[in-house]
file entry33.pdb (PDB, C-alpha atoms and all ligand atoms)
MODEL        1
ATOM      1  CA  MET R   1      -7.494   6.129  16.939
ATOM      2  CA  ALA R   2      -4.095   7.381  15.828
ATOM      3  CA  VAL R   3      -1.542   4.608  15.372
ATOM      4  CA  THR R   4       1.950   4.730  16.891
ATOM      5  CA  PRO R   5       4.306   2.325  15.141
ATOM      6  CA  ALA R   6       6.690   0.355  17.337
ATOM      7  CA  SER R   7       9.154  -0.747  14.667
ATOM      8  CA  ALA R   8      10.009  -0.511  10.987
ATOM      9  CA  GLN R   9       8.385  -3.924  10.566
ATOM     10  CA  ASP R  10       5.206  -2.479  12.058
ATOM     11  CA  VAL R  11       5.243   0.276   9.464
ATOM     12  CA  ALA R  12       5.921  -2.206   6.658
ATOM     13  CA  ASP R  13       2.942  -4.330   7.723
ATOM     14  CA  GLY R  14       0.753  -1.266   8.205
ATOM     15  CA  LEU R  15       1.573   0.197   4.797
ATOM     16  CA  ARG R  16       0.927  -3.160   3.164
ATOM     17  CA  ALA R  17      -2.446  -3.359   4.866
ATOM     18  CA  ALA R  18      -3.106   0.166   3.551
ATOM     19  CA  GLY R  19      -2.464  -1.019  -0.022
ATOM     20  CA  TYR R  20       1.137   0.130  -0.428
ATOM     21  CA  LEU R  21       4.012  -2.325  -0.790
ATOM     22  CA  PRO R  22       7.076  -0.660   0.698
ATOM     23  CA  GLY R  23      10.692  -1.555   0.072
ATOM     24  CA  THR R  24      12.946  -2.060   3.112
ATOM     25  CA  SER R  25      14.265   1.491   3.187
ATOM     26  CA  THR R  26      10.790   2.945   2.621
ATOM     27  CA  ALA R  27       9.500   1.225   5.759
ATOM     28  CA  LEU R  28      12.557   2.186   7.789
ATOM     29  CA  VAL R  29      12.582   5.853   6.779
ATOM     30  CA  SER R  30       8.821   6.123   7.317
ATOM     31  CA  TYR R  31       9.214   4.627  10.773
ATOM     32  CA  LEU R  32      11.951   7.107  11.662
ATOM     33  CA  ALA R  33       9.898   9.989  10.307
ATOM     34  CA  ALA R  34       6.887   9.027  12.387
ATOM     35  CA  THR R  35       8.873   8.542  15.581
ATOM     36  CA  LEU R  36      11.566  11.243  15.325
ATOM     37  CA  GLY R  37       9.129  13.813  13.966
ATOM     38  CA  LYS R  38      11.431  14.622  11.045
ATOM     39  CA  PRO R  39      10.153  15.388   7.567
ATOM     40  CA  VAL R  40      10.979  12.940   4.785
ATOM     41  CA  LEU R  41      12.142  14.116   1.398
ATOM     42  CA  VAL R  42      11.168  11.514  -1.193
ATOM     43  CA  GLU R  43      12.897  11.804  -4.550
ATOM     44  CA  GLY R  44      12.808   9.640  -7.627
ATOM     45  CA  PRO R  45      11.549   9.395 -11.194
ATOM     46  CA  ALA R  46       7.891   9.985 -12.091
ATOM     47  CA  GLY R  47       5.331   7.366 -11.136
ATOM     48  CA  VAL R  48       7.289   5.299  -8.616
ATOM     49  CA  GLY R  49       4.944   5.839  -5.678
ATOM     50  CA  LYS R  50       6.196   9.016  -4.000
ATOM     51  CA  THR R  51       2.799  10.685  -3.602
ATOM     52  CA  GLU R  52       1.098   7.389  -2.845
ATOM     53  CA  LEU R  53       3.485   6.784   0.057
ATOM     54  CA  ALA R  54       2.140   9.863   1.851
ATOM     55  CA  LYS R  55      -1.441   8.833   1.167
ATOM     56  CA  ALA R  56      -0.775   5.308   2.423
ATOM     57  CA  LEU R  57       0.943   6.627   5.548
ATOM     58  CA  ALA R  58      -2.147   8.693   6.312
ATOM     59  CA  ARG R  59      -4.371   5.632   5.890
ATOM     60  CA  TYR R  60      -2.089   3.488   8.044
ATOM     61  CA  LEU R  61      -1.543   6.069  10.789
ATOM     62  CA  ASP R  62      -5.244   6.885  10.675
ATOM     63  CA  ARG R  63      -4.534  10.570  10.187
ATOM     64  CA  ARG R  64      -6.057  13.132   7.890
ATOM     65  CA  LEU R  65      -3.974  13.910   4.795
ATOM     66  CA  VAL R  66      -3.341  17.607   4.214
ATOM     67  CA  ARG R  67      -1.912  18.160   0.769
ATOM     68  CA  LEU R  68      -0.060  21.133  -0.636
ATOM     69  CA  GLN R  69       0.407  20.742  -4.372
ATOM     70  CA  CYS R  70       3.370  22.910  -5.372
ATOM     71  CA  TYR R  71       3.656  24.833  -8.626
ATOM     72  CA  GLU R  72       5.736  27.615 -10.048
ATOM     73  CA  GLY R  73       4.892  30.900  -8.370
ATOM     74  CA  LEU R  74       3.262  29.327  -5.300
ATOM     75  CA  ASP R  75       3.421  31.882  -2.502
ATOM     76  CA  GLU R  76       2.737  32.182   1.208
ATOM     77  CA  ALA R  77      -0.818  33.393   0.663
ATOM     78  CA  LYS R  78      -1.696  30.113  -1.019
ATOM     79  CA  ALA R  79       0.464  27.859   1.125
ATOM     80  CA  LEU R  80       0.370  29.327   4.608
ATOM     81  CA  TYR R  81      -2.359  31.821   5.398
ATOM     82  CA  GLU R  82      -4.078  34.881   4.073
ATOM     83  CA  TRP R  83      -6.060  37.620   5.772
ATOM     84  CA  ASN R  84      -9.723  37.409   4.972
ATOM     85  CA  TYR R  85      -9.996  40.924   3.551
ATOM     86  CA  ARG R  86     -13.702  40.736   2.846
ATOM     87  CA  LYS R  87     -14.533  39.685   6.358
ATOM     88  CA  GLN R  88     -12.243  42.368   7.749
ATOM     89  CA  LEU R  89     -13.970  44.987   5.630
ATOM     90  CA  LEU R  90     -17.392  43.859   6.743
ATOM     91  CA  ARG R  91     -16.265  43.992  10.332
ATOM     92  CA  ILE R  92     -15.098  47.564   9.901
ATOM     93  CA  GLN R  93     -18.311  48.558   8.155
ATOM     94  CA  THR R  94     -20.574  47.069  10.777
ATOM     95  CA  GLU R  95     -18.609  48.738  13.521
ATOM     96  CA  GLU R  96     -20.676  51.245  15.405
ATOM     97  CA  ARG R  97     -19.625  54.766  14.858
ATOM     98  CA  GLY R  98     -17.471  56.125  17.559
ATOM     99  CA  THR R  99     -15.459  52.942  18.199
ATOM    100  CA  GLY R 100     -11.777  53.715  18.220
ATOM    101  CA  TRP R 101      -9.524  52.394  15.438
ATOM    102  CA  ASP R 102      -7.411  50.550  17.988
ATOM    103  CA  ASP R 103     -10.309  48.354  19.033
ATOM    104  CA  VAL R 104     -11.219  47.437  15.491
ATOM    105  CA  GLN R 105      -7.627  46.815  14.470
ATOM    106  CA  GLU R 106      -7.027  44.463  17.344
ATOM    107  CA  ASP R 107     -10.102  42.585  16.400
ATOM    108  CA  ILE R 108      -9.631  42.227  12.626
ATOM    109  CA  PHE R 109      -6.120  40.906  12.997
ATOM    110  CA  SER R 110      -7.129  37.993  15.143
ATOM    111  CA  GLU R 111      -7.260  34.319  14.217
ATOM    112  CA  SER R 112     -10.890  34.368  13.201
ATOM    113  CA  PHE R 113      -9.977  36.682  10.316
ATOM    114  CA  LEU R 114      -7.329  34.322   8.955
ATOM    115  CA  LEU R 115      -7.846  32.006   6.028
ATOM    116  CA  GLU R 116      -5.846  28.884   6.731
ATOM    117  CA  ARG R 117      -3.938  27.363   3.866
ATOM    118  CA  PRO R 118      -2.549  23.788   3.928
ATOM    119  CA  LEU R 119       0.671  24.423   5.890
ATOM    120  CA  MET R 120      -1.141  26.271   8.606
ATOM    121  CA  THR R 121      -4.008  23.792   8.636
ATOM    122  CA  ALA R 122      -1.479  21.032   9.192
ATOM    123  CA  ILE R 123       0.139  22.512  12.267
ATOM    124  CA  ALA R 124      -3.002  24.096  13.695
ATOM    125  CA  SER R 125      -4.993  20.885  13.505
ATOM    126  CA  PRO R 126      -6.019  19.538  16.927
ATOM    127  CA  GLU R 127      -5.560  15.991  15.611
ATOM    128  CA  PRO R 128      -2.117  15.204  14.148
ATOM    129  CA  VAL R 129      -2.159  14.934  10.358
ATOM    130  CA  VAL R 130       0.081  13.728   7.544
ATOM    131  CA  LEU R 131       1.271  16.751   5.561
ATOM    132  CA  LEU R 132       2.135  16.077   1.929
ATOM    133  CA  ILE R 133       4.134  18.828   0.235
ATOM    134  CA  ASP R 134       3.992  17.459  -3.280
ATOM    135  CA  GLU R 135       6.539  18.343  -5.978
ATOM    136  CA  ILE R 136       8.502  20.871  -3.950
ATOM    137  CA  ASP R 137      11.020  21.162  -6.816
ATOM    138  CA  LYS R 138       8.392  23.133  -8.778
ATOM    139  CA  THR R 139       8.612  26.088  -6.354
ATOM    140  CA  ASP R 140      11.430  28.600  -6.080
ATOM    141  CA  GLN R 141      14.138  28.918  -3.452
ATOM    142  CA  GLU R 142      12.323  31.706  -1.591
ATOM    143  CA  PHE R 143       9.446  29.380  -0.948
ATOM    144  CA  GLU R 144      11.869  26.761   0.310
ATOM    145  CA  ALA R 145      13.333  29.280   2.738
ATOM    146  CA  MET R 146       9.875  29.976   4.111
ATOM    147  CA  LEU R 147       9.316  26.264   4.581
ATOM    148  CA  LEU R 148      12.454  25.956   6.679
ATOM    149  CA  GLU R 149      11.000  27.783   9.653
ATOM    150  CA  LEU R 150       8.020  25.514   9.558
ATOM    151  CA  LEU R 151       9.990  22.301   9.161
ATOM    152  CA  SER R 152      12.558  22.970  11.839
ATOM    153  CA  ASP R 153      10.473  24.620  14.540
ATOM    154  CA  PHE R 154       6.919  23.758  13.587
ATOM    155  CA  GLN R 155       5.832  27.324  14.015
ATOM    156  CA  ILE R 156       4.660  30.171  11.828
ATOM    157  CA  SER R 157       5.322  33.864  12.375
ATOM    158  CA  ILE R 158       2.502  36.215  11.462
ATOM    159  CA  PRO R 159       3.606  39.850  11.746
ATOM    160  CA  GLU R 160       0.235  41.110  13.043
ATOM    161  CA  LEU R 161      -0.350  38.189  15.403
ATOM    162  CA  GLY R 162       3.021  36.922  16.475
ATOM    163  CA  ARG R 163       4.138  33.338  16.599
ATOM    164  CA  ILE R 164       1.754  30.484  16.088
ATOM    165  CA  ASP R 165       3.079  27.253  17.515
ATOM    166  CA  ALA R 166       2.039  23.857  16.276
ATOM    167  CA  ARG R 167      -0.845  22.301  18.207
ATOM    168  CA  THR R 168       0.154  18.896  16.947
ATOM    169  CA  GLN R 169       3.116  17.675  14.993
ATOM    170  CA  PRO R 170       2.391  16.384  11.509
ATOM    171  CA  VAL R 171       4.258  13.603   9.749
ATOM    172  CA  VAL R 172       5.658  15.552   6.800
ATOM    173  CA  VAL R 173       6.367  14.038   3.387
ATOM    174  CA  LEU R 174       7.961  16.202   0.689
ATOM    175  CA  THR R 175       8.255  14.833  -2.817
ATOM    176  CA  SER R 176      10.485  15.936  -5.656
ATOM    177  CA  ASN R 177      11.002  14.832  -9.237
ATOM    178  CA  ASN R 178      14.459  16.262  -9.204
ATOM    179  CA  SER R 179      13.712  18.947 -11.765
ATOM    180  CA  ARG R 180      16.015  21.213  -9.802
ATOM    181  CA  GLU R 181      18.504  20.697  -7.006
ATOM    182  CA  LEU R 182      16.963  21.493  -3.622
ATOM    183  CA  THR R 183      18.892  23.622  -1.146
ATOM    184  CA  GLU R 184      21.250  21.994   1.327
ATOM    185  CA  ALA R 185      19.430  23.771   4.158
ATOM    186  CA  LEU R 186      16.227  21.992   3.277
ATOM    187  CA  LYS R 187      17.879  18.624   2.816
ATOM    188  CA  ARG R 188      19.651  18.907   6.146
ATOM    189  CA  ARG R 189      16.325  19.105   7.932
ATOM    190  CA  CYS R 190      14.876  16.063   6.235
ATOM    191  CA  LEU R 191      15.329  12.340   6.196
ATOM    192  CA  TYR R 192      15.998  11.233   2.658
ATOM    193  CA  LEU R 193      14.346   8.481   0.680
ATOM    194  CA  TRP R 194      15.231   7.676  -2.898
ATOM    195  CA  LEU R 195      12.505   5.695  -4.642
ATOM    196  CA  ASP R 196      13.513   3.962  -7.832
ATOM    197  CA  TYR R 197      11.916   1.490 -10.189
ATOM    198  CA  PRO R 198      11.356  -1.604  -8.063
ATOM    199  CA  ALA R 199      12.936  -5.030  -8.432
ATOM    200  CA  ALA R 200      10.958  -7.408 -10.678
ATOM    201  CA  GLU R 201       9.321  -9.431  -7.889
ATOM    202  CA  GLN R 202       8.346  -6.265  -6.030
ATOM    203  CA  GLU R 203       6.777  -4.804  -9.162
ATOM    204  CA  LEU R 204       4.962  -8.076  -9.826
ATOM    205  CA  ALA R 205       3.443  -7.868  -6.353
ATOM    206  CA  ILE R 206       2.391  -4.231  -6.930
ATOM    207  CA  VAL R 207       0.829  -5.066 -10.309
ATOM    208  CA  LYS R 208      -1.057  -8.005  -8.800
ATOM    209  CA  LEU R 209      -2.274  -5.787  -5.979
ATOM    210  CA  HIS R 210      -3.753  -3.286  -8.432
ATOM    211  CA  ALA R 211      -4.988  -5.807 -11.010
ATOM    212  CA  PRO R 212      -5.705  -8.967  -9.009
ATOM    213  CA  GLU R 213      -7.701 -10.616 -11.795
ATOM    214  CA  LEU R 214      -4.779 -10.607 -14.201
ATOM    215  CA  SER R 215      -3.364 -14.091 -14.728
ATOM    216  CA  GLU R 216      -0.033 -14.946 -13.132
ATOM    217  CA  THR R 217       1.582 -15.640 -16.526
ATOM    218  CA  VAL R 218       0.517 -12.347 -18.094
ATOM    219  CA  ALA R 219       1.525 -10.414 -14.980
ATOM    220  CA  ALA R 220       4.968 -12.039 -14.939
ATOM    221  CA  LYS R 221       5.439 -11.432 -18.649
ATOM    222  CA  LEU R 222       4.332  -7.819 -18.263
ATOM    223  CA  VAL R 223       6.931  -7.143 -15.596
ATOM    224  CA  GLU R 224       9.611  -8.846 -17.681
ATOM    225  CA  VAL R 225       8.750  -6.760 -20.758
ATOM    226  CA  VAL R 226       8.545  -3.519 -18.779
ATOM    227  CA  ASN R 227      12.018  -4.220 -17.462
ATOM    228  CA  GLN R 228      13.322  -4.846 -20.976
ATOM    229  CA  VAL R 229      11.798  -1.552 -22.066
ATOM    230  CA  ARG R 230      13.378   0.253 -19.118
ATOM    231  CA  ALA R 231      16.772  -1.124 -20.059
ATOM    232  CA  LEU R 232      16.613   0.750 -23.369
ATOM    233  CA  ASP R 233      17.866   4.280 -23.549
ATOM    234  CA  LEU R 234      14.491   6.012 -23.633
ATOM    235  CA  LYS R 235      13.374   9.586 -23.130
ATOM    236  CA  LYS R 236      10.854   8.428 -20.581
ATOM    237  CA  PRO R 237      11.051   4.872 -19.255
ATOM    238  CA  PRO R 238       7.746   3.357 -18.090
ATOM    239  CA  SER R 239       6.959   3.765 -14.387
ATOM    240  CA  ILE R 240       4.993   1.633 -11.952
ATOM    241  CA  ALA R 241       1.955   3.750 -12.758
ATOM    242  CA  GLU R 242       2.281   2.690 -16.398
ATOM    243  CA  SER R 243       2.777  -0.979 -15.521
ATOM    244  CA  ILE R 244      -0.475  -0.823 -13.574
ATOM    245  CA  ASP R 245      -2.271   0.903 -16.447
ATOM    246  CA  TRP R 246      -0.969  -1.708 -18.852
ATOM    247  CA  ALA R 247      -2.113  -4.532 -16.591
ATOM    248  CA  ARG R 248      -5.598  -3.025 -16.464
ATOM    249  CA  ALA R 249      -5.675  -2.518 -20.216
ATOM    250  CA  LEU R 250      -4.625  -6.130 -20.878
ATOM    251  CA  LEU R 251      -7.257  -7.328 -18.469
ATOM    252  CA  LEU R 252      -9.914  -5.292 -20.216
ATOM    253  CA  LEU R 253      -8.856  -6.620 -23.611
ATOM    254  CA  GLY R 254      -8.890 -10.168 -22.286
ATOM    255  CA  ALA R 255      -5.272 -10.838 -23.308
ATOM    256  CA  ASP R 256      -4.011 -14.228 -22.171
ATOM    257  CA  ASP R 257      -0.470 -13.618 -23.313
ATOM    258  CA  ILE R 258       1.741 -10.728 -24.389
ATOM    259  CA  ASP R 259       2.799 -11.708 -27.892
ATOM    260  CA  ALA R 260       4.173  -9.398 -30.574
ATOM    261  CA  ASP R 261       0.693  -8.357 -31.766
ATOM    262  CA  THR R 262      -0.697  -7.628 -28.332
ATOM    263  CA  PHE R 263       2.440  -5.696 -27.538
ATOM    264  CA  ARG R 264       2.249  -3.593 -30.693
ATOM    265  CA  GLU R 265      -1.392  -2.771 -30.052
ATOM    266  CA  THR R 266      -0.980  -1.806 -26.425
ATOM    267  CA  MET R 267       2.555  -0.482 -26.071
ATOM    268  CA  SER R 268       1.410   3.132 -26.152
ATOM    269  CA  VAL R 269       0.093   2.568 -22.632
ATOM    270  CA  ILE R 270       3.656   2.305 -21.366
ATOM    271  CA  VAL R 271       5.648   4.287 -23.947
ATOM    272  CA  LYS R 272       4.596   7.845 -24.633
ATOM    273  CA  HIS R 273       7.151   9.497 -26.878
ATOM    274  CA  ARG R 274       7.214   9.184 -30.646
ATOM    275  CA  THR R 275      10.911   8.350 -30.793
ATOM    276  CA  ASP R 276      10.653   5.941 -27.866
ATOM    277  CA  LEU R 277       7.833   4.081 -29.629
ATOM    278  CA  ASP R 278      10.083   3.403 -32.611
ATOM    279  CA  THR R 279      12.953   2.188 -30.466
ATOM    280  CA  VAL R 280      10.729  -0.060 -28.392
ATOM    281  CA  ALA R 281       8.860  -1.516 -31.367
ATOM    282  CA  GLU R 282      12.153  -2.386 -32.984
ATOM    283  CA  ARG R 283      13.989  -3.766 -29.987
ATOM    284  CA  VAL R 284      11.306  -5.353 -27.807
ATOM    285  CA  GLY R 285       8.530  -6.028 -30.307
ATOM    286  CA  VAL R 286      10.795  -8.100 -32.499
ATOM    287  CA  LYS R 287      12.123 -10.046 -29.556
ATOM    288  CA  LEU R 288       8.593 -10.949 -28.488
ATOM    289  CA  GLY R 289       7.836 -12.162 -31.967
ATOM    290  CA  HIS R 290      10.702 -14.632 -31.812
ATOM    291  CA  GLY R 291      10.193 -15.670 -28.228
ATOM    292  CA  VAL R 292       6.508 -16.401 -28.244
ATOM    293  CA  ALA R 293       5.555 -17.628 -31.674
ATOM    294  CA  GLY R 294       8.954 -19.037 -32.570
ATOM    295  CA  GLN R 295       8.916 -17.039 -35.764
ATOM    296  CA  PRO R 296      10.002 -13.553 -36.715
ATOM    297  CA  ALA R 297       7.482 -10.766 -36.297
ATOM    298  CA  ALA R 298       5.827  -9.576 -39.494
TER     299      ALA R 298
HETATM  300  N1  LIG R 301       4.926   0.409  -3.549
HETATM  301  C1  LIG R 301       3.721   0.559  -4.104
HETATM  302  N2  LIG R 301       2.667  -0.173  -3.693
HETATM  303  C2  LIG R 301       1.449  -0.012  -4.246
HETATM  304  N3  LIG R 301       1.181   0.828  -5.250
HETATM  305  C3  LIG R 301       2.194   1.578  -5.726
HETATM  306  C4  LIG R 301       3.511   1.475  -5.182
HETATM  307  N4  LIG R 301       4.315   2.321  -5.843
HETATM  308  C5  LIG R 301       3.543   2.915  -6.764
HETATM  309  N5  LIG R 301       2.272   2.487  -6.699
HETATM  310  C6  LIG R 301       1.162   2.934  -7.571
HETATM  311  O1  LIG R 301       1.739   3.578  -8.696
HETATM  312  C7  LIG R 301       0.975   4.711  -9.081
HETATM  313  C8  LIG R 301       1.856   5.936  -9.167
HETATM  314  O2  LIG R 301       2.247   6.347  -7.905
HETATM  315  P1  LIG R 301       2.416   7.892  -7.504
HETATM  316  O3  LIG R 301       1.368   8.719  -8.115
HETATM  317  O4  LIG R 301       2.578   7.922  -6.036
HETATM  318  O5  LIG R 301       3.803   8.220  -8.224
HETATM  319  P2  LIG R 301       4.731   9.496  -8.041
HETATM  320  O6  LIG R 301       6.075   8.977  -7.733
HETATM  321  O7  LIG R 301       4.106  10.462  -7.102
HETATM  322  O8  LIG R 301       4.704  10.077  -9.520
HETATM  323  P3  LIG R 301       4.860  11.599 -10.014
HETATM  324  O9  LIG R 301       6.303  11.939  -9.828
HETATM  325  O10 LIG R 301       4.477  11.517 -11.467
HETATM  326  O11 LIG R 301       3.927  12.416  -9.194
HETATM  327  C9  LIG R 301      -0.152   4.852  -8.068
HETATM  328  O12 LIG R 301      -1.325   4.302  -8.623
HETATM  329  C10 LIG R 301       0.303   3.993  -6.905
HETATM  330  O13 LIG R 301      -0.801   3.427  -6.241
HETATM  331 MG    MG R 302       3.346  12.388  -7.346
ENDMDL
END
call {"tool": "encode", "arguments": {"input": "entry33.pdb", "output": "structure tokens"}}
result
Amino acid sequence: MAVTPASAQDVADGLRAAGYLPGTSTALVSYLAATLGKPVLVEGPAGVGKTELAKALARYLDRRLVRLQCYEGLDEAKALYEWNYRKQLLRIQTEERGTGWDDVQEDIFSESFLLERPLMTAIASPEPVVLLIDEIDKTDQEFEAMLLELLSDFQISIPELGRIDARTQPVVVLTSNNSRELTEALKRRCLYLWLDYPAAEQELAIVKLHAPELSETVAAKLVEVVNQVRALDLKKPPSIAESIDWARALLLLGADDIDADTFRETMSVIVKHRTDLDTVAERVGVKLGHGVAGQPAA
């Protein structure tokens, strides 16, 4: 049974039950998106839960997730629909001789000769879905323009068939890593959600959710250290995804504390650039040595 949220609090509780801990604005914007029928554009650094939000919304709203992964050069044929040329050809070949071209043409340009791609699947679905358009910033502006018709009117124009209106309205989540500025026209049609690295207690809760067996002390220390690392001027600061990976790695290694040695051995789970590793080893590793053992690191 599809779920209809009655308030932002409802959405917050629902997302939590679906394994996603939302911040206040995440719950509010998701609630508005689900009730106003507006798409949400989620932006923010890598690994802060943009994609997962769409997945969690689908679980909470009890809707199917239809995902369009964007990449450079993505076109309508892969995103929207394509004519099934092979089937059309077969249809023409099996046609009895003597049938007029008009009859065949009418037939081969009908819906049964279409190959649905994710955007079309999403609006043609008899049950409402959650449509995730992931990493929209990887496509070009022409693709964005094509999306506009879909996002504002929930319809698709097919030259040979005419207009196809949405059977059901999807909840649409677009994500972007900000690798290029999106057009104003697109932004105007969307609600906007900026996801950033979470506050320490929020991150602690997320880490505990994903690695429940990790001890409270190690989890708290992990979040503290990750925040210290983020405060440095790094090429790529660690994301929530990396905090979770680190928690799992520490658990696997049976670490009962994060001292200088443990940190040195495992820091490549959260820091992944050569230059960043040096900076972090110097600035955070040394600090841990002092703090934990009361003596300078070797
Ligand atoms: N609020 C949250 N509650 C629970 N888990 C979260 C939350 N935020 C992030 N995560 C977890 O962090 C990991 C990374 O999330 P996700 O893949 O959604 O990041 P992203 O922002 O889409 O990253 P990218 O830009 O690299 O695609 C996932 O395992 C996800 O479950
Ligand atoms: Mg993602």
call {"tool": "resolve_selection", "arguments": {"input": "entry33.pdb", "expression": "the PyMOL selection byres (((not hetatm)) within 12 of (chain R and resi 302))", "output": "MDAnalysis selection string"}}
result
chainID R and resid 42:55 67:70 132:138 173:178 195 239:241
call {"tool": "residues_around", "arguments": {"input": "entry33.pdb", "residues": "R:Ala58", "least_positions_apart": "2", "cutoff": "10 Å", "atoms": "all atoms listed in the file", "output": "PDB file with C-alpha atoms, in the coordinates of the input"}}
result
ATOM      1  CA  ALA R   2      -4.095   7.381  15.828  1.00  0.00           C
ATOM      2  CA  VAL R   3      -1.542   4.608  15.372  1.00  0.00           C
ATOM      3  CA  LEU R  15       1.573   0.197   4.797  1.00  0.00           C
ATOM      4  CA  ALA R  18      -3.106   0.166   3.551  1.00  0.00           C
ATOM      5  CA  GLU R  52       1.098   7.389  -2.845  1.00  0.00           C
ATOM      6  CA  LEU R  53       3.485   6.784   0.057  1.00  0.00           C
ATOM      7  CA  ALA R  54       2.140   9.863   1.851  1.00  0.00           C
ATOM      8  CA  LYS R  55      -1.441   8.833   1.167  1.00  0.00           C
ATOM      9  CA  ALA R  56      -0.775   5.308   2.423  1.00  0.00           C
ATOM     10  CA  TYR R  60      -2.089   3.488   8.044  1.00  0.00           C
ATOM     11  CA  LEU R  61      -1.543   6.069  10.789  1.00  0.00           C
ATOM     12  CA  ASP R  62      -5.244   6.885  10.675  1.00  0.00           C
ATOM     13  CA  ARG R  63      -4.534  10.570  10.187  1.00  0.00           C
ATOM     14  CA  ARG R  64      -6.057  13.132   7.890  1.00  0.00           C
ATOM     15  CA  LEU R  65      -3.974  13.910   4.795  1.00  0.00           C
ATOM     16  CA  VAL R  66      -3.341  17.607   4.214  1.00  0.00           C
ATOM     17  CA  VAL R 129      -2.159  14.934  10.358  1.00  0.00           C
ATOM     18  CA  VAL R 130       0.081  13.728   7.544  1.00  0.00           C
ATOM     19  CA  LEU R 131       1.271  16.751   5.561  1.00  0.00           C
ATOM     20  CA  LEU R 132       2.135  16.077   1.929  1.00  0.00           C
ATOM     21  CA  VAL R 171       4.258  13.603   9.749  1.00  0.00           C
TER      22      VAL R 171
END
call {"tool": "resolve_selection", "arguments": {"input": "entry33.pdb", "expression": "the PyMOL selection byres (((chain R and resi 201) around 12) and not hetatm)", "output": "list in words"}}
result
Leu21, Gly23, Tyr197, Pro198, Ala199, Ala200, Gln202, Glu203, Leu204, Ala205, Ile206, Val207, Lys208, Ala219, Ala220, Lys221, Leu222, Val223, Glu224 and Asn227 of chain R
call {"tool": "write_last_selection", "arguments": {"input": "entry33.pdb", "atoms": "C-alpha atoms", "output": "PDB file, in the frame of the given file"}}
result
ATOM      1  CA  LEU R  21       4.012  -2.325  -0.790  1.00  0.00           C
ATOM      2  CA  GLY R  23      10.692  -1.555   0.072  1.00  0.00           C
ATOM      3  CA  TYR R 197      11.916   1.490 -10.189  1.00  0.00           C
ATOM      4  CA  PRO R 198      11.356  -1.604  -8.063  1.00  0.00           C
ATOM      5  CA  ALA R 199      12.936  -5.030  -8.432  1.00  0.00           C
ATOM      6  CA  ALA R 200      10.958  -7.408 -10.678  1.00  0.00           C
ATOM      7  CA  GLN R 202       8.346  -6.265  -6.030  1.00  0.00           C
ATOM      8  CA  GLU R 203       6.777  -4.804  -9.162  1.00  0.00           C
ATOM      9  CA  LEU R 204       4.962  -8.076  -9.826  1.00  0.00           C
ATOM     10  CA  ALA R 205       3.443  -7.868  -6.353  1.00  0.00           C
ATOM     11  CA  ILE R 206       2.391  -4.231  -6.930  1.00  0.00           C
ATOM     12  CA  VAL R 207       0.829  -5.066 -10.309  1.00  0.00           C
ATOM     13  CA  LYS R 208      -1.057  -8.005  -8.800  1.00  0.00           C
ATOM     14  CA  ALA R 219       1.525 -10.414 -14.980  1.00  0.00           C
ATOM     15  CA  ALA R 220       4.968 -12.039 -14.939  1.00  0.00           C
ATOM     16  CA  LYS R 221       5.439 -11.432 -18.649  1.00  0.00           C
ATOM     17  CA  LEU R 222       4.332  -7.819 -18.263  1.00  0.00           C
ATOM     18  CA  VAL R 223       6.931  -7.143 -15.596  1.00  0.00           C
ATOM     19  CA  GLU R 224       9.611  -8.846 -17.681  1.00  0.00           C
ATOM     20  CA  ASN R 227      12.018  -4.220 -17.462  1.00  0.00           C
TER      21      ASN R 227
END
call {"tool": "resolve_selection", "arguments": {"input": "entry33.pdb", "expression": "the PyMOL selection byres (((chain R and resi 244-256) around 6) and not hetatm)", "output": "list of chain:residue names"}}
result
R:Val207, R:Leu214, R:Ala241, R:Glu242, R:Ser243, R:Asp257, R:Val269
call {"tool": "atom_distance", "arguments": {"input": "entry33.pdb", "atom1": "atom CA of R:Lys187", "atom2": "atom CA of R:Ile156"}}
result
19.7 Å
call {"tool": "closest_residue", "arguments": {"input": "entry33.pdb", "among": "R:Ala77, R:Leu57, R:Ala6, R:Leu161", "to": "ligand LIG 301 (chain R)", "atoms": "only C-alpha atoms and all ligand atoms"}}
result
R:Leu57
call {"tool": "axis_aligned_box", "arguments": {"input": "entry33.pdb", "around": "ligand LIG 301 (chain R)", "padding_each_side": "4 Å", "output": "lines of an AutoDock Vina configuration file"}}
result
center_x = 2.5
center_y = 6.1
center_z = -7.5
size_x = 15.6
size_y = 20.6
size_z = 15.9
call {"tool": "atom_distance", "arguments": {"input": "entry33.pdb", "atom1": "atom CA of R:Arg167", "atom2": "atom CA of R:Leu80"}}
result
15.4 Å
call {"tool": "residues_around", "arguments": {"input": "entry33.pdb", "residues": "R:Glu144", "least_positions_apart": "2", "cutoff": "12 Å", "atoms": "only C-alpha atoms", "output": "PyMOL selection string"}}
result
chain R and resi 70+73-76+79+133+135-142+146-151+174+181-187+189
call {"tool": "atom_distance", "arguments": {"input": "entry33.pdb", "atom1": "atom CA of R:Gln169", "atom2": "atom CA of R:Thr26"}}
result
20.7 Å
call {"tool": "closest_residue", "arguments": {"input": "entry33.pdb", "among": "R:Pro39, R:Pro238, R:Pro170, R:Pro159", "to": "ligand LIG 301 (chain R)", "atoms": "only C-alpha atoms and all ligand atoms"}}
result
R:Pro238
call {"tool": "closest_residue", "arguments": {"input": "entry33.pdb", "among": "R:Phe143, R:Phe154, R:Tyr20, R:Phe113", "to": "ligand LIG 301 (chain R)", "atoms": "all atoms listed in the file"}}
result
R:Tyr20
call {"tool": "closest_residue", "arguments": {"input": "entry33.pdb", "among": "R:Leu90, R:Leu209, R:Ala145, R:Leu115", "to": "ligand LIG 301 (chain R)", "atoms": "all atoms listed in the file"}}
result
R:Leu209
call {"tool": "residues_near_point", "arguments": {"input": "entry33.pdb", "point": "(6.7, -0.9, 15.7)", "cutoff": "12 Å", "atoms": "only C-alpha atoms", "output": "list in words"}}
result
Val3, Thr4, Pro5, Ala6, Ser7, Ala8, Gln9, Asp10, Val11, Ala12, Asp13, Gly14, Ala27, Leu28, Ser30, Tyr31, Leu32, Ala34, Thr35 and Leu61 of chain R
